[in-house]
Amino acid sequence: MTTLPRPTTELSADEARRIALRAQGLLGAPDRRAGVRGVLRRLGAVQLDTISVLARSHELIPYARLGAVGRRTVEEAYWKQGDQPAHTFEYWSHAACVLPVEEWPHFAFRRRAYRARPHWNHELPDGVYDQVIKQLRTEGPLTATELGGAKRTSEWWDWSGTKVAVERALMYGEVVCVERRGWKRVYDLAERAVPAGLLAEEPSDEECLRRLVGLAGRALGVGTRADIADYHRLKGEQVDAVIADSGLVPVTVAGWSKPAWADPEALATPPRGRHRTTLLSPFDSLVWERARTERIFGFTHRLEAYVPKPKRIHGYFAMPVLAGGRLVGRVDPAREGRTLVAKQVTLDGRSAVPQVAGALVEAAGWVDCTDVRVERVDAPELREPLMAELARLLA
């Protein structure tokens, strides 16, 4: 068993919170010149999801950090444009994520694991895998439908043999998603889409894990073993095997019951700067790990989209509101024409009213809405102050 050095740095809970915010790009001046790709490189992974309320989650994440970035700008940053080399690839990280293409080699350990996997949820008919690869090689990038069918029935899980084959090829690394058309993946051969130098690299499992643990620690700023493991969905023992050589340093954080590690660069400079006030996607990496969110912000976060409606507390797609480095409320949004509808608003006291109102108005402007309508406020006594602040900001 590796003996780890004893922590030499002690952080207060407030210091740890501010380090985490800065690491996630939510404290300090945003790097607008680096843009959406800069956000992706900083975070290391941006989660994808099918739900679209104000916008899809992969659009909400750069918006939270950069402000009103255009949807086309986001798409052009994430996916391959014409004959240009790919800047990103989609793969299984924390979940289905967009990842910087330079990290392609460091997911080799996961591609190898998938190839060695003894069983799958979907059966693959004989010959279909080879046919899919042949068709992509001959015809170029194609959707699953263009390859021969995405589903056998209307059920989301009932994939055709072709869909099973191309998704398995994606997991093996023989195929990549090069763009999205109407939210459908467009597949191409990795040998065409991934830069040759990156494609040729085949680091060991240990090298891959050491890199991903280091990246997770830098994206978090400071985190426990569980926090770091969760970022790219590693196992605890995988983290243990490489953390001593990951470049992270052990620290203690007041009020944290578990050992922690930090990015030494994050410790070298006091985390100062302007706090972002914004709505956050429920899939934002700031709030990925529920226990971490409660530990750092005292905020219980749960996506309720998959909870039966009668059992929901905060709403279908309740978005945490970040302001002043704190999570100060939630908004469950919708859109009706050019009106942003706040179906349900939760406020952490009267002091949160101007912050939540500001976040709502800014988000409305981003999605080209000219009005905000509030349907329900969990604390009825705060409804009138919230409406007054919204009216002032929209005037």
# chains A, B, ... in the order shown; residues from 1 in each chain; ligands from 1
>>> residues_around(residues="Ala388 in chain A", least_positions_apart="2", cutoff="12 Å", atoms="only C-alpha atoms", output="list in words")
Val353, Pro354, Ala357, Gly358, Val372, Arg373, Val374, Leu382, Arg383, Glu384, Pro385, Leu386, Leu390, Ala391, Arg392, Leu393, Leu394 and Ala395 of chain A
>>> write_last_selection(atoms="C-alpha atoms", output="JSON list (two decimals), in the first residue's frame")
[["chain", "number", "residue", "atom", "x", "y", "z"],
["A", 353, "VAL", "CA", -34.47, 38.00, -4.04],
["A", 354, "PRO", "CA", -32.35, 40.45, -6.10],
["A", 357, "ALA", "CA", -34.28, 38.02, -10.09],
["A", 358, "GLY", "CA", -31.02, 39.07, -11.75],
["A", 372, "VAL", "CA", -40.40, 36.65, -17.07],
["A", 373, "ARG", "CA", -43.48, 35.11, -15.48],
["A", 374, "VAL", "CA", -43.39, 33.56, -12.03],
["A", 382, "LEU", "CA", -41.24, 36.61, -0.90],
["A", 383, "ARG", "CA", -43.41, 36.60, -4.02],
["A", 384, "GLU", "CA", -44.18, 40.34, -3.95],
["A", 385, "PRO", "CA", -40.53, 41.43, -3.44],
["A", 386, "LEU", "CA", -39.43, 39.09, -6.23],
["A", 390, "LEU", "CA", -38.21, 41.56, -11.74],
["A", 391, "ALA", "CA", -40.38, 44.51, -12.84],
["A", 392, "ARG", "CA", -37.54, 46.90, -12.02],
["A", 393, "LEU", "CA", -34.97, 44.90, -13.98],
["A", 394, "LEU", "CA", -37.24, 44.39, -16.98],
["A", 395, "ALA", "CA", -38.36, 48.04, -17.18]]
>>> closest_atom_pairs(of="range 61-146 of chain A", to="range 286-304 of chain A", cutoff="12 Å", atoms="only C-alpha atoms", output="JSON lines")
{"residue": "A:Ile61", "atom": "CA", "partner": "A:Leu286", "partner_atom": "CA", "distance": 9.7}
{"residue": "A:Ala64", "atom": "CA", "partner": "A:Leu286", "partner_atom": "CA", "distance": 10.7}
{"residue": "A:Arg65", "atom": "CA", "partner": "A:Leu286", "partner_atom": "CA", "distance": 11.2}
{"residue": "A:His94", "atom": "CA", "partner": "A:Trp288", "partner_atom": "CA", "distance": 8.6}
{"residue": "A:Ala95", "atom": "CA", "partner": "A:Trp288", "partner_atom": "CA", "distance": 10.2}
>>> closest_residue(among="A:Gly236, A:Gly149, A:Gly67, A:Pro282", to="Lys184 in chain A", atoms="only C-alpha atoms")
A:Gly149
>>> closest_residue(among="A:Pro250, A:Pro62, A:Gly221, A:Pro85", to="Ala266 in chain A", atoms="only C-alpha atoms")
A:Gly221
>>> select_by_dssp(residues="range 90-192 of chain A", states="strand (DSSP E)", output="list in words")
Glu90, Tyr91, Trp92, Ala96, Cys97, Val98, Leu99, Pro100, Leu142, Thr143, Val175, Val176, Cys177, Val178, Glu179, Arg180, Arg181, Lys184, Arg185, Val186, Tyr187, Asp188 and Leu189 of chain A
>>> atom_distance(atom1="CA of Asp245 in chain A", atom2="CA of Gly173 in chain A")
27.0 Å
